[in-house]
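Here's target14.cif, which has mmCIF, N, CA and C atoms:
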```cif
data_data
loop_
_atom_site.label_atom_id
_atom_site.label_comp_id
_atom_site.auth_asym_id
_atom_site.auth_seq_id
_atom_site.Cartn_x
_atom_site.Cartn_y
_atom_site.Cartn_z
N MET A 483 -16.26 -36.16 34.92
CA MET A 483 -16.30 -35.46 33.66
C MET A 483 -15.09 -34.53 33.57
N ALA A 484 -14.30 -34.69 32.52
CA ALA A 484 -13.14 -33.84 32.35
C ALA A 484 -13.59 -32.44 31.95
N LEU A 485 -12.85 -31.46 32.38
CA LEU A 485 -13.20 -30.08 32.08
C LEU A 485 -12.76 -29.68 30.69
N ASN A 486 -13.55 -28.79 30.07
CA ASN A 486 -13.18 -28.14 28.81
C ASN A 486 -12.82 -29.14 27.71
N THR A 487 -13.61 -30.21 27.59
CA THR A 487 -13.31 -31.22 26.59
C THR A 487 -13.84 -30.86 25.21
N VAL A 488 -14.79 -29.94 25.13
CA VAL A 488 -15.37 -29.52 23.85
C VAL A 488 -14.57 -28.34 23.32
N PRO A 489 -14.09 -28.44 22.07
CA PRO A 489 -13.35 -27.29 21.50
C PRO A 489 -14.23 -26.04 21.51
N PRO A 490 -13.63 -24.87 21.78
CA PRO A 490 -14.42 -23.62 21.87
C PRO A 490 -15.30 -23.35 20.65
N LYS A 491 -14.82 -23.61 19.44
CA LYS A 491 -15.61 -23.35 18.23
C LYS A 491 -16.86 -24.22 18.20
N LYS A 492 -16.71 -25.50 18.54
CA LYS A 492 -17.86 -26.40 18.57
C LYS A 492 -18.82 -25.99 19.68
N ARG A 493 -18.27 -25.62 20.82
CA ARG A 493 -19.10 -25.18 21.95
C ARG A 493 -19.92 -23.95 21.54
N LEU A 494 -19.26 -22.99 20.87
CA LEU A 494 -19.95 -21.78 20.40
C LEU A 494 -21.08 -22.15 19.43
N ASP A 495 -20.77 -23.01 18.46
CA ASP A 495 -21.78 -23.42 17.49
C ASP A 495 -22.96 -24.10 18.18
N ASP A 496 -22.68 -24.96 19.16
CA ASP A 496 -23.74 -25.67 19.89
C ASP A 496 -24.63 -24.72 20.67
N VAL A 497 -24.03 -23.75 21.35
CA VAL A 497 -24.81 -22.80 22.15
C VAL A 497 -25.65 -21.92 21.23
N LEU A 498 -25.08 -21.44 20.14
CA LEU A 498 -25.84 -20.60 19.20
C LEU A 498 -26.99 -21.38 18.59
N ALA A 499 -26.76 -22.65 18.24
CA ALA A 499 -27.83 -23.48 17.68
C ALA A 499 -28.95 -23.67 18.70
N LYS A 500 -28.58 -23.84 19.96
CA LYS A 500 -29.58 -24.02 21.01
C LYS A 500 -30.39 -22.74 21.21
N LEU A 501 -29.73 -21.59 21.18
CA LEU A 501 -30.44 -20.31 21.29
C LEU A 501 -31.42 -20.14 20.12
N LYS A 502 -30.94 -20.42 18.90
CA LYS A 502 -31.80 -20.28 17.72
C LYS A 502 -33.01 -21.20 17.81
N SER A 503 -32.77 -22.45 18.20
CA SER A 503 -33.88 -23.40 18.26
C SER A 503 -34.89 -23.03 19.35
N ALA A 504 -34.45 -22.24 20.34
CA ALA A 504 -35.36 -21.77 21.39
C ALA A 504 -36.06 -20.46 20.98
N GLY A 505 -35.76 -19.99 19.76
CA GLY A 505 -36.45 -18.82 19.24
C GLY A 505 -35.75 -17.49 19.50
N TYR A 506 -34.50 -17.53 19.94
CA TYR A 506 -33.77 -16.28 20.21
C TYR A 506 -32.96 -15.87 18.99
N ARG A 507 -33.02 -14.59 18.68
CA ARG A 507 -32.20 -14.05 17.59
C ARG A 507 -30.76 -13.98 18.06
N ILE A 508 -29.84 -14.19 17.15
CA ILE A 508 -28.42 -14.08 17.48
C ILE A 508 -27.96 -12.69 17.06
N THR A 509 -28.14 -11.75 17.98
CA THR A 509 -27.71 -10.37 17.72
C THR A 509 -26.20 -10.29 17.89
N PRO A 510 -25.57 -9.27 17.35
CA PRO A 510 -24.12 -9.13 17.55
C PRO A 510 -23.75 -9.05 19.04
N GLN A 511 -24.58 -8.38 19.83
CA GLN A 511 -24.30 -8.27 21.26
C GLN A 511 -24.42 -9.62 21.96
N ARG A 512 -25.46 -10.37 21.63
CA ARG A 512 -25.66 -11.69 22.22
C ARG A 512 -24.51 -12.61 21.83
N LEU A 513 -24.10 -12.54 20.57
CA LEU A 513 -22.97 -13.35 20.09
C LEU A 513 -21.70 -12.98 20.87
N ALA A 514 -21.48 -11.70 21.09
CA ALA A 514 -20.29 -11.25 21.83
C ALA A 514 -20.31 -11.78 23.26
N ILE A 515 -21.47 -11.75 23.90
CA ILE A 515 -21.60 -12.24 25.28
C ILE A 515 -21.28 -13.73 25.34
N VAL A 516 -21.84 -14.49 24.42
CA VAL A 516 -21.61 -15.94 24.40
C VAL A 516 -20.13 -16.23 24.16
N LYS A 517 -19.51 -15.50 23.23
CA LYS A 517 -18.08 -15.70 22.95
C LYS A 517 -17.23 -15.42 24.19
N ILE A 518 -17.53 -14.34 24.88
CA ILE A 518 -16.78 -13.99 26.10
C ILE A 518 -16.88 -15.13 27.10
N LEU A 519 -18.08 -15.64 27.30
CA LEU A 519 -18.28 -16.71 28.28
C LEU A 519 -17.54 -17.98 27.90
N ILE A 520 -17.55 -18.32 26.63
CA ILE A 520 -16.92 -19.56 26.19
C ILE A 520 -15.40 -19.43 26.15
N ASP A 521 -14.91 -18.26 25.77
CA ASP A 521 -13.46 -18.06 25.66
C ASP A 521 -12.77 -17.79 26.98
N SER A 522 -13.52 -17.35 27.98
CA SER A 522 -12.90 -16.91 29.23
C SER A 522 -12.60 -18.06 30.18
N ARG A 523 -11.40 -18.06 30.70
CA ARG A 523 -11.03 -18.99 31.77
C ARG A 523 -11.16 -18.29 33.13
N GLU A 524 -11.56 -17.02 33.09
CA GLU A 524 -11.57 -16.16 34.27
C GLU A 524 -12.87 -16.20 35.07
N HIS A 525 -13.93 -16.83 34.55
CA HIS A 525 -15.22 -16.81 35.23
C HIS A 525 -15.64 -15.36 35.47
N PRO A 526 -15.95 -14.64 34.40
CA PRO A 526 -16.22 -13.20 34.52
C PRO A 526 -17.51 -12.88 35.27
N SER A 527 -17.54 -11.70 35.84
CA SER A 527 -18.74 -11.17 36.47
C SER A 527 -19.59 -10.49 35.39
N VAL A 528 -20.82 -10.14 35.74
CA VAL A 528 -21.69 -9.40 34.81
C VAL A 528 -21.00 -8.12 34.38
N GLU A 529 -20.41 -7.41 35.33
CA GLU A 529 -19.77 -6.13 35.02
C GLU A 529 -18.59 -6.32 34.07
N GLN A 530 -17.81 -7.38 34.26
CA GLN A 530 -16.68 -7.63 33.37
C GLN A 530 -17.16 -7.94 31.96
N ILE A 531 -18.20 -8.75 31.84
CA ILE A 531 -18.78 -9.07 30.53
C ILE A 531 -19.30 -7.80 29.88
N TYR A 532 -20.03 -6.99 30.65
CA TYR A 532 -20.61 -5.74 30.16
C TYR A 532 -19.52 -4.81 29.61
N ARG A 533 -18.47 -4.62 30.39
CA ARG A 533 -17.37 -3.73 29.94
C ARG A 533 -16.73 -4.25 28.66
N GLN A 534 -16.55 -5.55 28.57
CA GLN A 534 -15.90 -6.12 27.39
C GLN A 534 -16.80 -5.99 26.15
N VAL A 535 -18.09 -6.24 26.29
CA VAL A 535 -19.01 -6.13 25.16
C VAL A 535 -19.11 -4.69 24.68
N ARG A 536 -19.13 -3.74 25.61
CA ARG A 536 -19.28 -2.32 25.25
C ARG A 536 -18.08 -1.78 24.46
N LYS A 537 -16.94 -2.46 24.53
CA LYS A 537 -15.80 -2.01 23.71
C LYS A 537 -16.16 -2.05 22.23
N ASP A 538 -16.88 -3.09 21.81
CA ASP A 538 -17.27 -3.23 20.40
C ASP A 538 -18.68 -2.73 20.12
N PHE A 539 -19.53 -2.75 21.17
CA PHE A 539 -20.93 -2.37 21.01
C PHE A 539 -21.31 -1.39 22.12
N PRO A 540 -20.91 -0.12 21.98
CA PRO A 540 -21.08 0.86 23.06
C PRO A 540 -22.51 1.11 23.50
N THR A 541 -23.49 0.78 22.67
CA THR A 541 -24.88 1.03 23.06
C THR A 541 -25.50 -0.16 23.81
N THR A 542 -24.73 -1.20 24.03
CA THR A 542 -25.24 -2.37 24.76
C THR A 542 -25.62 -1.98 26.18
N SER A 543 -26.78 -2.45 26.61
CA SER A 543 -27.23 -2.16 27.98
C SER A 543 -26.84 -3.29 28.92
N LEU A 544 -26.77 -2.95 30.19
CA LEU A 544 -26.50 -3.95 31.22
C LEU A 544 -27.64 -4.97 31.24
N ALA A 545 -28.86 -4.53 30.94
CA ALA A 545 -30.01 -5.44 30.89
C ALA A 545 -29.81 -6.52 29.83
N THR A 546 -29.19 -6.17 28.70
CA THR A 546 -28.92 -7.16 27.66
C THR A 546 -28.02 -8.26 28.18
N VAL A 547 -27.00 -7.88 28.95
CA VAL A 547 -26.09 -8.88 29.51
C VAL A 547 -26.84 -9.76 30.51
N TYR A 548 -27.58 -9.14 31.42
CA TYR A 548 -28.34 -9.91 32.41
C TYR A 548 -29.34 -10.85 31.72
N ASN A 549 -30.08 -10.34 30.74
CA ASN A 549 -31.08 -11.15 30.05
C ASN A 549 -30.46 -12.33 29.31
N THR A 550 -29.34 -12.08 28.66
CA THR A 550 -28.66 -13.16 27.95
C THR A 550 -28.15 -14.21 28.92
N LEU A 551 -27.56 -13.78 30.03
CA LEU A 551 -27.10 -14.73 31.05
C LEU A 551 -28.26 -15.55 31.60
N GLU A 552 -29.39 -14.90 31.81
CA GLU A 552 -30.57 -15.61 32.34
C GLU A 552 -31.04 -16.68 31.35
N ARG A 553 -31.09 -16.34 30.05
CA ARG A 553 -31.49 -17.32 29.04
C ARG A 553 -30.51 -18.49 29.02
N LEU A 554 -29.22 -18.18 29.06
CA LEU A 554 -28.21 -19.23 29.01
C LEU A 554 -28.26 -20.12 30.26
N LYS A 555 -28.53 -19.53 31.42
CA LYS A 555 -28.69 -20.32 32.64
C LYS A 555 -29.88 -21.25 32.53
N GLU A 556 -31.01 -20.73 32.05
CA GLU A 556 -32.22 -21.54 31.88
C GLU A 556 -31.97 -22.72 30.96
N MET A 557 -31.12 -22.52 29.95
CA MET A 557 -30.83 -23.56 28.98
C MET A 557 -29.71 -24.49 29.44
N GLY A 558 -29.12 -24.20 30.60
CA GLY A 558 -28.02 -25.03 31.10
C GLY A 558 -26.71 -24.79 30.39
N GLU A 559 -26.56 -23.61 29.78
CA GLU A 559 -25.35 -23.32 29.00
C GLU A 559 -24.37 -22.39 29.71
N VAL A 560 -24.70 -21.98 30.92
CA VAL A 560 -23.77 -21.20 31.72
C VAL A 560 -24.00 -21.58 33.18
N LEU A 561 -22.93 -21.66 33.92
CA LEU A 561 -23.00 -21.98 35.34
C LEU A 561 -22.79 -20.70 36.13
N GLU A 562 -23.76 -20.35 36.98
CA GLU A 562 -23.62 -19.18 37.84
C GLU A 562 -22.96 -19.60 39.14
N LEU A 563 -21.95 -18.86 39.54
CA LEU A 563 -21.23 -19.12 40.79
C LEU A 563 -21.46 -17.93 41.72
N PRO A 564 -22.46 -18.01 42.59
CA PRO A 564 -22.71 -16.88 43.50
C PRO A 564 -21.64 -16.79 44.59
N PHE A 565 -21.09 -15.62 44.76
CA PHE A 565 -20.12 -15.33 45.82
C PHE A 565 -20.61 -14.10 46.55
N SER A 566 -20.07 -13.85 47.72
CA SER A 566 -20.52 -12.69 48.51
C SER A 566 -20.28 -11.37 47.76
N GLY A 567 -19.27 -11.30 46.91
CA GLY A 567 -19.00 -10.08 46.16
C GLY A 567 -19.75 -10.00 44.84
N GLY A 568 -20.60 -10.96 44.55
CA GLY A 568 -21.33 -10.99 43.29
C GLY A 568 -21.08 -12.27 42.54
N SER A 569 -21.94 -12.58 41.61
CA SER A 569 -21.84 -13.82 40.86
C SER A 569 -20.77 -13.75 39.79
N ARG A 570 -20.22 -14.91 39.50
CA ARG A 570 -19.29 -15.11 38.39
C ARG A 570 -19.91 -16.18 37.50
N TYR A 571 -19.48 -16.25 36.24
CA TYR A 571 -20.13 -17.13 35.28
C TYR A 571 -19.12 -17.99 34.53
N ASP A 572 -19.47 -19.26 34.37
CA ASP A 572 -18.63 -20.22 33.66
C ASP A 572 -19.39 -20.71 32.45
N GLY A 573 -18.97 -20.30 31.28
CA GLY A 573 -19.58 -20.74 30.04
C GLY A 573 -18.77 -21.80 29.33
N ARG A 574 -17.57 -22.04 29.80
CA ARG A 574 -16.72 -23.08 29.21
C ARG A 574 -17.18 -24.46 29.65
N ASN A 575 -17.51 -24.59 30.91
CA ASN A 575 -17.96 -25.86 31.46
C ASN A 575 -19.15 -25.59 32.38
N PRO A 576 -20.36 -25.57 31.82
CA PRO A 576 -21.53 -25.15 32.60
C PRO A 576 -22.12 -26.23 33.50
N HIS A 577 -21.30 -27.15 33.93
CA HIS A 577 -21.76 -28.22 34.81
C HIS A 577 -21.06 -28.07 36.16
N PRO A 578 -21.71 -28.48 37.23
CA PRO A 578 -21.08 -28.33 38.55
C PRO A 578 -19.70 -29.02 38.61
N HIS A 579 -18.73 -28.25 39.06
CA HIS A 579 -17.37 -28.78 39.24
C HIS A 579 -16.66 -27.88 40.25
N PRO A 580 -15.63 -28.39 40.90
CA PRO A 580 -14.93 -27.60 41.93
C PRO A 580 -14.14 -26.44 41.34
N HIS A 581 -13.95 -25.42 42.18
CA HIS A 581 -13.18 -24.24 41.82
C HIS A 581 -12.19 -23.90 42.92
N LEU A 582 -11.14 -23.20 42.54
CA LEU A 582 -10.15 -22.66 43.46
C LEU A 582 -10.26 -21.15 43.38
N VAL A 583 -10.48 -20.50 44.51
CA VAL A 583 -10.77 -19.07 44.55
C VAL A 583 -9.70 -18.35 45.36
N CYS A 584 -9.14 -17.28 44.78
CA CYS A 584 -8.16 -16.47 45.50
C CYS A 584 -8.90 -15.52 46.44
N THR A 585 -8.52 -15.54 47.70
CA THR A 585 -9.17 -14.69 48.70
C THR A 585 -8.70 -13.24 48.64
N VAL A 586 -7.67 -12.97 47.84
CA VAL A 586 -7.17 -11.60 47.73
C VAL A 586 -7.75 -10.91 46.49
N CYS A 587 -7.54 -11.48 45.31
CA CYS A 587 -7.97 -10.82 44.07
C CYS A 587 -9.29 -11.36 43.53
N GLY A 588 -9.76 -12.47 44.05
CA GLY A 588 -11.03 -13.03 43.61
C GLY A 588 -10.94 -13.90 42.37
N ALA A 589 -9.73 -14.21 41.89
CA ALA A 589 -9.59 -15.08 40.73
C ALA A 589 -10.27 -16.41 41.01
N VAL A 590 -10.92 -16.96 39.98
CA VAL A 590 -11.60 -18.25 40.10
C VAL A 590 -11.01 -19.18 39.04
N GLU A 591 -10.60 -20.35 39.47
CA GLU A 591 -9.94 -21.30 38.59
C GLU A 591 -10.66 -22.64 38.66
N ASP A 592 -10.84 -23.28 37.52
CA ASP A 592 -11.45 -24.61 37.48
C ASP A 592 -10.50 -25.65 38.05
N LEU A 593 -11.07 -26.63 38.73
CA LEU A 593 -10.33 -27.80 39.18
C LEU A 593 -10.93 -29.02 38.49
N ASP A 594 -10.08 -29.85 37.93
CA ASP A 594 -10.54 -31.02 37.19
C ASP A 594 -10.67 -32.20 38.16
N ILE A 595 -11.71 -32.12 38.99
CA ILE A 595 -12.01 -33.18 39.95
C ILE A 595 -13.46 -33.58 39.69
N ASP A 596 -13.70 -34.85 39.42
CA ASP A 596 -15.04 -35.32 39.11
C ASP A 596 -15.77 -35.74 40.38
N LEU A 597 -16.77 -34.95 40.78
CA LEU A 597 -17.55 -35.25 41.97
C LEU A 597 -18.86 -35.98 41.64
N GLY A 598 -19.08 -36.26 40.36
CA GLY A 598 -20.31 -36.93 39.95
C GLY A 598 -20.57 -38.23 40.68
N PRO A 599 -19.59 -39.13 40.77
CA PRO A 599 -19.81 -40.38 41.50
C PRO A 599 -20.17 -40.15 42.97
N ALA A 600 -19.57 -39.14 43.60
CA ALA A 600 -19.88 -38.85 45.00
C ALA A 600 -21.32 -38.37 45.13
N ALA A 601 -21.78 -37.54 44.21
CA ALA A 601 -23.16 -37.06 44.25
C ALA A 601 -24.14 -38.22 44.05
N GLU A 602 -23.81 -39.11 43.12
CA GLU A 602 -24.66 -40.28 42.88
C GLU A 602 -24.72 -41.18 44.12
N GLU A 603 -23.58 -41.34 44.77
CA GLU A 603 -23.52 -42.18 45.98
C GLU A 603 -24.35 -41.56 47.11
N VAL A 604 -24.23 -40.25 47.29
CA VAL A 604 -25.01 -39.55 48.32
C VAL A 604 -26.50 -39.74 48.03
N ALA A 605 -26.88 -39.55 46.77
CA ALA A 605 -28.29 -39.69 46.40
C ALA A 605 -28.79 -41.11 46.68
N ALA A 606 -28.00 -42.10 46.30
CA ALA A 606 -28.42 -43.49 46.49
C ALA A 606 -28.52 -43.85 47.97
N LYS A 607 -27.56 -43.44 48.77
CA LYS A 607 -27.53 -43.79 50.19
C LYS A 607 -28.60 -43.07 50.99
N ARG A 608 -28.90 -41.82 50.63
CA ARG A 608 -29.82 -41.00 51.42
C ARG A 608 -31.23 -40.90 50.82
N GLY A 609 -31.40 -41.42 49.60
CA GLY A 609 -32.72 -41.38 48.98
C GLY A 609 -33.10 -40.04 48.37
N TYR A 610 -32.12 -39.19 48.18
CA TYR A 610 -32.38 -37.88 47.57
C TYR A 610 -32.46 -38.01 46.05
N ALA A 611 -33.14 -37.05 45.44
CA ALA A 611 -33.19 -36.96 43.98
C ALA A 611 -32.61 -35.61 43.58
N ASP A 612 -32.16 -35.53 42.34
CA ASP A 612 -31.64 -34.28 41.79
C ASP A 612 -30.55 -33.68 42.68
N VAL A 613 -29.58 -34.50 43.07
CA VAL A 613 -28.49 -34.04 43.95
C VAL A 613 -27.49 -33.25 43.12
N ARG A 614 -27.20 -32.04 43.58
CA ARG A 614 -26.20 -31.17 42.96
C ARG A 614 -25.13 -30.89 44.00
N HIS A 615 -24.03 -30.35 43.55
CA HIS A 615 -22.96 -30.05 44.48
C HIS A 615 -22.26 -28.76 44.08
N ARG A 616 -21.60 -28.19 45.06
CA ARG A 616 -20.78 -27.01 44.83
C ARG A 616 -19.62 -27.08 45.81
N LEU A 617 -18.43 -27.02 45.28
CA LEU A 617 -17.24 -27.13 46.11
C LEU A 617 -16.22 -26.09 45.67
N GLU A 618 -15.78 -25.29 46.61
CA GLU A 618 -14.72 -24.32 46.34
C GLU A 618 -13.62 -24.49 47.37
N PHE A 619 -12.42 -24.33 46.88
CA PHE A 619 -11.24 -24.27 47.73
C PHE A 619 -10.80 -22.82 47.71
N TYR A 620 -10.35 -22.31 48.83
CA TYR A 620 -9.94 -20.91 48.93
C TYR A 620 -8.48 -20.83 49.33
N GLY A 621 -7.78 -19.87 48.77
CA GLY A 621 -6.39 -19.64 49.10
C GLY A 621 -5.91 -18.37 48.45
N ILE A 622 -4.61 -18.17 48.45
CA ILE A 622 -3.99 -16.99 47.83
C ILE A 622 -3.23 -17.44 46.60
N CYS A 623 -3.60 -16.89 45.46
CA CYS A 623 -2.99 -17.30 44.19
C CYS A 623 -1.53 -16.86 44.12
N PRO A 624 -0.75 -17.51 43.24
CA PRO A 624 0.67 -17.16 43.11
C PRO A 624 0.91 -15.69 42.80
N ARG A 625 0.05 -15.10 41.97
CA ARG A 625 0.22 -13.68 41.61
C ARG A 625 0.10 -12.78 42.83
N CYS A 626 -0.89 -13.08 43.71
CA CYS A 626 -1.09 -12.27 44.92
C CYS A 626 -0.03 -12.54 45.97
N GLN A 627 0.64 -13.66 45.85
CA GLN A 627 1.75 -13.98 46.76
C GLN A 627 3.03 -13.28 46.32
N GLY A 628 2.97 -12.68 45.12
CA GLY A 628 4.14 -11.99 44.60
C GLY A 628 5.03 -12.93 43.81
N GLY A 629 4.49 -14.08 43.43
CA GLY A 629 5.30 -15.08 42.73
C GLY A 629 4.96 -15.30 41.34
#
```

Just give me the structure of the file as structure tokens.
Amino acid sequence: MALNTVPPKKRLDDVLAKLKSAGYRITPQRLAIVKILIDSREHPSVEQIYRQVRKDFPTTSLATVYNTLERLKEMGEVLELPFSGGSRYDGRNPHPHPHLVCTVCGAVEDLDIDLGPAAEEVAAKRGYADVRHRLEFYGICPRCQGG
């Protein structure tokens, strides 16, 4: 599966429609959180999302961000990437795919490598069901190298 194949506007409309059909109101804060997730290539943390939303909506609580992320995870519309320093979130491509992580600054970058066939092969050969995968490569990004 190629990464980021859905235009951001269509992705936003699809996620909002899914939230509405599940009975959730589209509050300005919830809309801001979804936009941040879809527009970001940075895989933001809860704290980064919270700080960004509070610029426009200063009364937004951290609980609102957590609750919205939880709803989106339940709906399969955001991918949580747990790391030792805290989770990061991918709303652009909420399906398992490899990432490249900087060990200095913590930047997380998508890699366009399709592991779906490998997961299917593992499942078929070993008799497993619902096989998922998570693959990260670690290194030092060009910015942290001074380049």

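Distance check against A:His579 using all atoms listed in the file: of A:Met557, A:Ile622, A:Leu617, A:Ala600, the minimum falls on A:Leu617.
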
Enclose stretch 584-599 of chain A, meaning all of its atoms listed in the file, in a box aligned along x, y and z, pad it by 5 Å on each side, and list the centre and edge lengths in Å to one decimal, as JSON.
```
{"center_x": -13.9, "center_y": -25.6, "center_z": 42.9, "size_x": 23.4, "size_y": 39.6, "size_z": 21.5}
```

What does the distance from atom CA of A:Pro599 to atom N of A:Arg493 come to in Å, to one decimal?
25.5 Å

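Our summary of the geometry notes that atom CA of A:Pro578 is positioned 10.4 Å from atom CA of A:Asp592.
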
Name the residues that the PyMOL selection byres ((chain A and resi 576) around 5) picks from the file above, as a PyMOL selection string, using the file's chain letters and numbers.
chain A and resi 559-561+572-575+577-578

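Coordinates place atom C of A:Gly609 at a distance of 16.3 Å from atom C of A:Leu597.
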
Would you please give, as a PyMOL selection string, all residues of chain A that DSSP assigns to strand (DSSP E) based on the backbone?
chain A and resi 561-563+570-572+581-584+590-592+618-621

Using the chain letters and numbers from the file, which residues does the PyMOL selection byres ((chain A and resi 569) around 8) grab, as a ChimeraX atom specification?
/A:525-529,562-568,570-572
